[in-house]
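Content type compact mmCIF, N, CA and C atoms, from the file my_file_35.txt:
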```
# COMPACT_ATOMS: atom_id res chain seq x y z
N MET A 37 32.78 62.90 -6.97
CA MET A 37 32.49 64.28 -7.32
C MET A 37 33.78 64.97 -7.75
N GLU A 38 33.70 65.72 -8.82
CA GLU A 38 34.84 66.48 -9.31
C GLU A 38 34.68 67.93 -8.87
N HIS A 39 35.74 68.49 -8.32
CA HIS A 39 35.72 69.90 -7.89
C HIS A 39 36.74 70.67 -8.71
N ARG A 40 36.39 71.88 -9.10
CA ARG A 40 37.26 72.71 -9.93
C ARG A 40 37.36 74.11 -9.32
N VAL A 41 38.59 74.62 -9.24
CA VAL A 41 38.82 75.98 -8.76
C VAL A 41 39.88 76.62 -9.66
N SER A 42 39.73 77.91 -9.94
CA SER A 42 40.63 78.62 -10.85
C SER A 42 41.53 79.59 -10.11
N TYR A 43 42.75 79.72 -10.63
CA TYR A 43 43.72 80.68 -10.10
C TYR A 43 44.44 81.35 -11.25
N LYS A 44 44.81 82.60 -11.02
CA LYS A 44 45.65 83.32 -11.99
C LYS A 44 47.10 83.16 -11.56
N VAL A 45 47.99 82.98 -12.53
CA VAL A 45 49.42 82.87 -12.25
C VAL A 45 50.00 84.27 -12.14
N TYR A 46 50.55 84.57 -10.97
CA TYR A 46 51.15 85.87 -10.70
C TYR A 46 52.68 85.79 -10.82
N TYR A 47 53.29 86.96 -10.90
CA TYR A 47 54.74 87.05 -11.01
C TYR A 47 55.45 86.27 -9.91
N GLU A 48 54.90 86.34 -8.69
CA GLU A 48 55.51 85.66 -7.54
C GLU A 48 55.55 84.14 -7.69
N ASP A 49 54.71 83.60 -8.60
CA ASP A 49 54.64 82.15 -8.82
C ASP A 49 55.67 81.65 -9.82
N THR A 50 56.33 82.56 -10.51
CA THR A 50 57.17 82.17 -11.64
C THR A 50 58.66 82.29 -11.35
N ASP A 51 59.44 81.66 -12.23
CA ASP A 51 60.90 81.78 -12.15
C ASP A 51 61.35 82.85 -13.13
N SER A 52 62.63 82.93 -13.36
CA SER A 52 63.18 83.98 -14.23
C SER A 52 62.75 83.83 -15.69
N LEU A 53 62.26 82.68 -16.08
CA LEU A 53 61.78 82.46 -17.46
C LEU A 53 60.30 82.78 -17.62
N GLY A 54 59.64 83.17 -16.52
CA GLY A 54 58.22 83.50 -16.59
C GLY A 54 57.31 82.29 -16.56
N VAL A 55 57.85 81.12 -16.18
CA VAL A 55 57.02 79.92 -16.03
C VAL A 55 56.88 79.61 -14.55
N VAL A 56 55.80 78.91 -14.19
CA VAL A 56 55.58 78.58 -12.79
C VAL A 56 56.72 77.71 -12.29
N TYR A 57 57.33 78.13 -11.19
CA TYR A 57 58.37 77.37 -10.52
C TYR A 57 57.75 76.07 -10.04
N TYR A 58 58.40 74.94 -10.30
CA TYR A 58 57.80 73.62 -10.10
C TYR A 58 57.22 73.42 -8.69
N ALA A 59 57.88 73.92 -7.65
CA ALA A 59 57.40 73.70 -6.29
C ALA A 59 56.10 74.45 -6.02
N ASN A 60 55.82 75.50 -6.78
CA ASN A 60 54.59 76.25 -6.57
C ASN A 60 53.35 75.49 -7.00
N TYR A 61 53.51 74.47 -7.84
CA TYR A 61 52.36 73.64 -8.19
C TYR A 61 51.83 72.93 -6.94
N LEU A 62 52.71 72.63 -5.98
CA LEU A 62 52.26 72.00 -4.74
C LEU A 62 51.27 72.89 -4.00
N LYS A 63 51.49 74.20 -4.05
CA LYS A 63 50.57 75.14 -3.41
C LYS A 63 49.21 75.12 -4.09
N TYR A 64 49.21 75.12 -5.42
CA TYR A 64 47.94 75.06 -6.14
C TYR A 64 47.20 73.77 -5.83
N LEU A 65 47.91 72.65 -5.77
CA LEU A 65 47.28 71.37 -5.47
C LEU A 65 46.72 71.36 -4.05
N GLU A 66 47.47 71.92 -3.10
CA GLU A 66 46.99 72.00 -1.71
C GLU A 66 45.72 72.83 -1.64
N ARG A 67 45.70 73.95 -2.32
CA ARG A 67 44.50 74.80 -2.33
C ARG A 67 43.32 74.03 -2.91
N GLY A 68 43.56 73.28 -3.96
CA GLY A 68 42.49 72.49 -4.57
C GLY A 68 41.93 71.46 -3.61
N ARG A 69 42.80 70.78 -2.86
CA ARG A 69 42.33 69.79 -1.88
C ARG A 69 41.55 70.47 -0.77
N THR A 70 42.05 71.59 -0.28
CA THR A 70 41.37 72.32 0.79
C THR A 70 39.98 72.76 0.35
N GLU A 71 39.88 73.29 -0.86
CA GLU A 71 38.58 73.71 -1.39
C GLU A 71 37.65 72.51 -1.59
N TYR A 72 38.22 71.40 -2.05
CA TYR A 72 37.42 70.18 -2.24
C TYR A 72 36.80 69.75 -0.92
N VAL A 73 37.62 69.66 0.14
CA VAL A 73 37.12 69.22 1.45
C VAL A 73 36.00 70.14 1.93
N GLY A 74 36.19 71.44 1.83
CA GLY A 74 35.17 72.39 2.27
C GLY A 74 33.89 72.28 1.46
N GLN A 75 34.03 72.14 0.17
CA GLN A 75 32.87 72.08 -0.72
C GLN A 75 32.07 70.80 -0.53
N THR A 76 32.76 69.66 -0.49
CA THR A 76 32.04 68.39 -0.46
C THR A 76 31.52 68.03 0.93
N SER A 77 32.21 68.48 1.98
CA SER A 77 31.80 68.12 3.34
C SER A 77 30.90 69.17 3.98
N GLY A 78 30.92 70.39 3.42
CA GLY A 78 30.16 71.47 4.03
C GLY A 78 30.83 72.04 5.27
N ARG A 79 32.06 71.59 5.54
CA ARG A 79 32.84 72.07 6.69
C ARG A 79 34.20 72.50 6.20
N ASP A 80 34.62 73.72 6.53
CA ASP A 80 35.94 74.13 6.09
C ASP A 80 37.02 73.41 6.90
N ILE A 81 38.22 73.46 6.40
CA ILE A 81 39.33 72.70 6.98
C ILE A 81 39.59 73.08 8.43
N ARG A 82 39.36 74.31 8.78
CA ARG A 82 39.57 74.75 10.16
C ARG A 82 38.63 74.01 11.12
N ARG A 83 37.38 73.80 10.71
CA ARG A 83 36.43 73.06 11.55
C ARG A 83 36.85 71.60 11.71
N TRP A 84 37.35 70.99 10.63
CA TRP A 84 37.87 69.61 10.74
C TRP A 84 39.01 69.58 11.74
N ASN A 85 39.93 70.54 11.65
CA ASN A 85 41.06 70.60 12.59
C ASN A 85 40.58 70.80 14.02
N ASP A 86 39.62 71.70 14.21
CA ASP A 86 39.08 71.95 15.55
C ASP A 86 38.50 70.68 16.17
N ASP A 87 37.97 69.80 15.32
CA ASP A 87 37.38 68.54 15.78
C ASP A 87 38.39 67.39 15.84
N GLY A 88 39.68 67.71 15.63
CA GLY A 88 40.73 66.71 15.79
C GLY A 88 41.02 65.87 14.56
N TYR A 89 40.69 66.39 13.38
CA TYR A 89 41.02 65.71 12.12
C TYR A 89 42.04 66.55 11.37
N TYR A 90 43.23 65.96 11.18
CA TYR A 90 44.29 66.65 10.46
C TYR A 90 44.66 65.82 9.24
N PHE A 91 44.54 66.39 8.08
CA PHE A 91 44.81 65.70 6.82
C PHE A 91 46.25 65.95 6.41
N VAL A 92 47.05 64.88 6.32
CA VAL A 92 48.48 64.99 6.12
C VAL A 92 48.89 64.22 4.87
N VAL A 93 49.74 64.85 4.06
CA VAL A 93 50.24 64.18 2.86
C VAL A 93 51.17 63.04 3.27
N TYR A 94 50.87 61.86 2.77
CA TYR A 94 51.67 60.66 3.03
C TYR A 94 52.59 60.35 1.85
N ALA A 95 52.07 60.51 0.65
CA ALA A 95 52.86 60.25 -0.56
C ALA A 95 52.27 61.06 -1.70
N MET A 96 53.12 61.33 -2.70
CA MET A 96 52.67 62.13 -3.83
C MET A 96 53.41 61.69 -5.09
N ASN A 97 52.67 61.62 -6.18
CA ASN A 97 53.27 61.32 -7.48
C ASN A 97 52.78 62.40 -8.44
N ILE A 98 53.70 63.13 -9.05
CA ILE A 98 53.34 64.24 -9.94
C ILE A 98 53.99 64.04 -11.30
N LYS A 99 53.21 64.32 -12.33
CA LYS A 99 53.73 64.34 -13.69
C LYS A 99 53.61 65.77 -14.21
N PHE A 100 54.75 66.35 -14.57
CA PHE A 100 54.81 67.70 -15.12
C PHE A 100 54.79 67.57 -16.64
N LYS A 101 53.68 67.93 -17.26
CA LYS A 101 53.54 67.74 -18.70
C LYS A 101 53.89 69.00 -19.49
N LYS A 102 53.45 70.13 -18.99
CA LYS A 102 53.70 71.42 -19.63
C LYS A 102 53.81 72.48 -18.54
N ALA A 103 54.27 73.64 -18.89
CA ALA A 103 54.43 74.72 -17.91
C ALA A 103 53.30 75.73 -18.03
N ALA A 104 52.84 76.19 -16.87
CA ALA A 104 51.96 77.35 -16.83
C ALA A 104 52.85 78.59 -16.84
N GLU A 105 52.33 79.67 -17.37
CA GLU A 105 53.12 80.89 -17.53
C GLU A 105 52.46 82.09 -16.86
N LEU A 106 53.27 83.11 -16.64
CA LEU A 106 52.81 84.36 -16.06
C LEU A 106 51.55 84.84 -16.78
N GLY A 107 50.50 85.14 -16.01
CA GLY A 107 49.26 85.66 -16.57
C GLY A 107 48.24 84.60 -16.94
N ASP A 108 48.65 83.33 -16.99
CA ASP A 108 47.70 82.25 -17.31
C ASP A 108 46.65 82.14 -16.20
N THR A 109 45.49 81.64 -16.58
CA THR A 109 44.50 81.19 -15.62
C THR A 109 44.52 79.68 -15.66
N ILE A 110 44.70 79.08 -14.49
CA ILE A 110 44.76 77.62 -14.42
C ILE A 110 43.60 77.11 -13.57
N ASP A 111 43.17 75.91 -13.86
CA ASP A 111 42.12 75.25 -13.09
C ASP A 111 42.73 74.06 -12.37
N VAL A 112 42.45 73.94 -11.09
CA VAL A 112 42.84 72.77 -10.31
C VAL A 112 41.60 71.91 -10.18
N VAL A 113 41.68 70.69 -10.70
CA VAL A 113 40.54 69.77 -10.71
C VAL A 113 40.87 68.63 -9.75
N THR A 114 39.95 68.36 -8.81
CA THR A 114 40.22 67.41 -7.73
C THR A 114 39.08 66.42 -7.58
N THR A 115 39.45 65.15 -7.39
CA THR A 115 38.51 64.11 -6.98
C THR A 115 39.13 63.37 -5.80
N PHE A 116 38.30 62.59 -5.10
CA PHE A 116 38.78 61.87 -3.92
C PHE A 116 38.20 60.47 -3.89
N ALA A 117 39.01 59.52 -3.44
CA ALA A 117 38.54 58.15 -3.22
C ALA A 117 39.20 57.61 -1.96
N SER A 118 38.45 56.84 -1.19
CA SER A 118 39.03 56.17 -0.02
C SER A 118 39.87 55.00 -0.49
N ALA A 119 41.09 54.89 0.05
CA ALA A 119 41.96 53.76 -0.28
C ALA A 119 41.88 52.71 0.82
N SER A 120 41.58 53.14 2.03
CA SER A 120 41.40 52.25 3.17
C SER A 120 40.70 53.08 4.25
N ALA A 121 40.48 52.49 5.40
CA ALA A 121 39.85 53.23 6.50
C ALA A 121 40.74 54.37 6.99
N TYR A 122 42.04 54.29 6.67
CA TYR A 122 43.00 55.25 7.20
C TYR A 122 43.70 56.10 6.15
N ARG A 123 43.35 55.90 4.89
CA ARG A 123 44.05 56.62 3.82
C ARG A 123 43.08 56.96 2.70
N GLY A 124 43.26 58.15 2.16
CA GLY A 124 42.48 58.59 1.01
C GLY A 124 43.42 59.04 -0.09
N VAL A 125 42.93 59.02 -1.33
CA VAL A 125 43.73 59.45 -2.47
C VAL A 125 42.99 60.55 -3.21
N PHE A 126 43.67 61.69 -3.33
CA PHE A 126 43.17 62.77 -4.15
C PHE A 126 43.81 62.63 -5.53
N LYS A 127 43.00 62.52 -6.55
CA LYS A 127 43.46 62.56 -7.94
C LYS A 127 43.26 64.00 -8.38
N GLN A 128 44.36 64.62 -8.80
CA GLN A 128 44.29 66.03 -9.17
C GLN A 128 44.96 66.27 -10.51
N ARG A 129 44.48 67.29 -11.16
CA ARG A 129 45.13 67.75 -12.38
C ARG A 129 45.02 69.27 -12.43
N ILE A 130 45.99 69.86 -13.10
CA ILE A 130 45.96 71.29 -13.35
C ILE A 130 45.84 71.47 -14.84
N GLU A 131 44.87 72.28 -15.23
CA GLU A 131 44.60 72.53 -16.64
C GLU A 131 44.78 74.00 -16.97
N ARG A 132 45.13 74.24 -18.21
CA ARG A 132 45.15 75.60 -18.77
C ARG A 132 44.31 75.53 -20.02
N ALA A 133 43.20 76.23 -20.04
CA ALA A 133 42.28 76.25 -21.19
C ALA A 133 41.91 74.82 -21.62
N GLY A 134 41.66 73.96 -20.63
CA GLY A 134 41.26 72.59 -20.92
C GLY A 134 42.39 71.63 -21.23
N ASP A 135 43.61 72.12 -21.33
CA ASP A 135 44.78 71.29 -21.63
C ASP A 135 45.45 70.89 -20.31
N VAL A 136 45.61 69.59 -20.07
CA VAL A 136 46.20 69.11 -18.83
C VAL A 136 47.71 69.38 -18.84
N ILE A 137 48.15 70.10 -17.81
CA ILE A 137 49.58 70.42 -17.72
C ILE A 137 50.27 69.71 -16.55
N ILE A 138 49.49 69.34 -15.52
CA ILE A 138 50.02 68.63 -14.35
C ILE A 138 49.02 67.54 -13.97
N GLU A 139 49.53 66.36 -13.61
CA GLU A 139 48.72 65.30 -13.04
C GLU A 139 49.35 64.89 -11.73
N ALA A 140 48.52 64.67 -10.70
CA ALA A 140 49.06 64.30 -9.39
C ALA A 140 48.13 63.34 -8.67
N ASP A 141 48.72 62.35 -8.03
CA ASP A 141 48.03 61.47 -7.10
C ASP A 141 48.61 61.77 -5.73
N VAL A 142 47.74 62.15 -4.79
CA VAL A 142 48.19 62.56 -3.47
C VAL A 142 47.53 61.66 -2.42
N ASP A 143 48.33 60.85 -1.75
CA ASP A 143 47.84 59.99 -0.68
C ASP A 143 47.82 60.79 0.62
N ILE A 144 46.69 60.74 1.30
CA ILE A 144 46.50 61.50 2.53
C ILE A 144 46.15 60.54 3.66
N VAL A 145 46.71 60.75 4.83
CA VAL A 145 46.27 60.05 6.03
C VAL A 145 45.66 61.09 6.97
N CYS A 146 44.90 60.60 7.90
CA CYS A 146 44.26 61.48 8.87
C CYS A 146 44.89 61.22 10.24
N LEU A 147 45.26 62.29 10.91
CA LEU A 147 45.84 62.21 12.25
C LEU A 147 44.92 62.89 13.25
N ASP A 148 45.06 62.49 14.52
CA ASP A 148 44.33 63.17 15.59
C ASP A 148 45.25 64.22 16.22
N LYS A 149 44.77 64.85 17.28
CA LYS A 149 45.55 65.93 17.91
C LYS A 149 46.88 65.45 18.48
N ALA A 150 46.97 64.16 18.81
CA ALA A 150 48.22 63.59 19.34
C ALA A 150 49.12 63.09 18.21
N ARG A 151 48.72 63.35 16.98
CA ARG A 151 49.44 62.94 15.77
C ARG A 151 49.46 61.43 15.56
N ALA A 152 48.46 60.76 16.09
CA ALA A 152 48.28 59.33 15.84
C ALA A 152 47.32 59.16 14.66
N VAL A 153 47.54 58.12 13.89
CA VAL A 153 46.66 57.86 12.75
C VAL A 153 45.26 57.53 13.26
N ARG A 154 44.28 58.11 12.61
CA ARG A 154 42.89 57.83 12.96
C ARG A 154 42.11 57.53 11.70
N GLU A 155 40.93 56.96 11.85
CA GLU A 155 40.11 56.64 10.69
C GLU A 155 39.76 57.91 9.93
N PHE A 156 39.74 57.77 8.61
CA PHE A 156 39.42 58.89 7.74
C PHE A 156 37.92 59.17 7.83
N PRO A 157 37.52 60.42 7.98
CA PRO A 157 36.08 60.72 8.05
C PRO A 157 35.45 60.66 6.66
N ASP A 158 34.16 60.58 6.65
CA ASP A 158 33.40 60.64 5.40
C ASP A 158 33.32 62.11 4.98
N LEU A 159 34.02 62.46 3.92
CA LEU A 159 34.07 63.86 3.48
C LEU A 159 32.81 64.30 2.76
N ALA A 160 31.90 63.37 2.50
CA ALA A 160 30.67 63.72 1.77
C ALA A 160 29.59 64.27 2.70
N HIS A 161 29.89 64.35 4.00
CA HIS A 161 28.88 64.85 4.93
C HIS A 161 29.40 65.98 5.76
```
Write out the structure in this file as structure tokens.
Amino acid sequence: MEHRVSYKVYYEDTDSLGVVYYANYLKYLERGRTEYVGQTSGRDIRRWNDDGYYFVVYAMNIKFKKAAELGDTIDVVTTFASASAYRGVFKQRIERAGDVIIEADVDIVCLDKARAVREFPDLAH
């Protein structure tokens, strides 16, 4: 399932040139993953945490293709696939008017309350 969420680029997101500061793309990607989990599972991230499931970034690969600018509306597009019983991969991209500006693969592991690795839950339920 592909999930899409839109955000407007505000002044606080940009550097002195009026383009999104590179580290702020991580925030947009995180928001996209959080929205994906809530939408596809029917449970918001807080409920997963309350039940002892903590989704933690293990690795990330990002390609910066173009810059988003002040005032742009960007779409964060997210999909998910299980890589193993203990790891999932979010494939994400950020688009501006249908043009891909960022591509990211984000490996996630699931931890319990004691911060031990636990099996990844089925996010489709």
Report the distance between CA of Ser52 in chain A and atom N of Lys102 in chain A in Å, rounded to one decimal place.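 Computing the Euclidean distance for CA of Ser52 in chain A and atom N of Lys102 in chain A yields 17.6 Å.
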Here is a test: counting only N, CA and C atoms, which residue of A:Ser42, A:Thr114, A:Asn85, A:Thr50 is nearest to Arg69 in chain A?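 Distance minimum relative to Arg69 in chain A lands on A:Thr114.
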Each residue of range 83-119 of chain A lying at most 8 Å from range 149-157 of chain A should get a row with its shortest atom-to-atom pair and the distance in Å to one decimal, counting only N, CA and C atoms; could you produce that, ordered by chain and increasing number, as JSON lines?
```
{"residue": "A:Asn85", "atom": "C", "partner": "A:Lys149", "partner_atom": "CA", "distance": 8.0}
{"residue": "A:Asp87", "atom": "C", "partner": "A:Lys149", "partner_atom": "N", "distance": 7.0}
{"residue": "A:Gly88", "atom": "CA", "partner": "A:Lys149", "partner_atom": "N", "distance": 4.7}
{"residue": "A:Tyr89", "atom": "N", "partner": "A:Lys149", "partner_atom": "N", "distance": 5.9}
{"residue": "A:Tyr90", "atom": "N", "partner": "A:Lys149", "partner_atom": "N", "distance": 6.4}
```
Which of these, A:Tyr46, A:Asp86, A:Asp135, A:Arg40, has the shortest distance to Glu105 in chain A once you count only C-alpha atoms?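 Residue with the minimum atom-to-atom distance to Glu105 in chain A: A:Tyr46.
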Skipping near chain neighbours, those fewer than 6 positions away, what residues fall within 6 Å of range 53-59 of chain A using only N, CA and C atoms, listed as JSON, numbers by chain? {"A": [103, 104, 105, 106]}
I'd like the neighbourhood of Tyr94 in chain A as an mmCIF file with N, CA and C atoms, in the frame of the given file, where a residue qualifies if any of its atoms comes within 6 Å (using only N, CA and C atoms), though same-chain residues fewer than 2 positions away should be ignored.
```cif
data_model
loop_
_atom_site.group_PDB
_atom_site.id
_atom_site.type_symbol
_atom_site.label_atom_id
_atom_site.label_comp_id
_atom_site.auth_asym_id
_atom_site.auth_seq_id
_atom_site.Cartn_x
_atom_site.Cartn_y
_atom_site.Cartn_z
ATOM 1 N N VAL A 92 47.050 64.880 6.320
ATOM 2 C CA VAL A 92 48.480 64.990 6.120
ATOM 3 C C VAL A 92 48.890 64.220 4.870
ATOM 4 N N MET A 96 53.120 61.330 -2.700
ATOM 5 C CA MET A 96 52.670 62.130 -3.830
ATOM 6 C C MET A 96 53.410 61.690 -5.090
ATOM 7 N N ASP A 143 48.330 60.850 -1.750
ATOM 8 C CA ASP A 143 47.840 59.990 -0.680
ATOM 9 C C ASP A 143 47.820 60.790 0.620
ATOM 10 N N ILE A 144 46.690 60.740 1.300
ATOM 11 C CA ILE A 144 46.500 61.500 2.530
ATOM 12 C C ILE A 144 46.150 60.540 3.660
ATOM 13 N N VAL A 145 46.710 60.750 4.830
ATOM 14 C CA VAL A 145 46.270 60.050 6.030
ATOM 15 C C VAL A 145 45.660 61.090 6.970
#
```
Which value, in Å to one decimal, gives the distance between atom C of Lys101 in chain A and CA of Ile138 in chain A?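 A separation of 6.4 Å between them.
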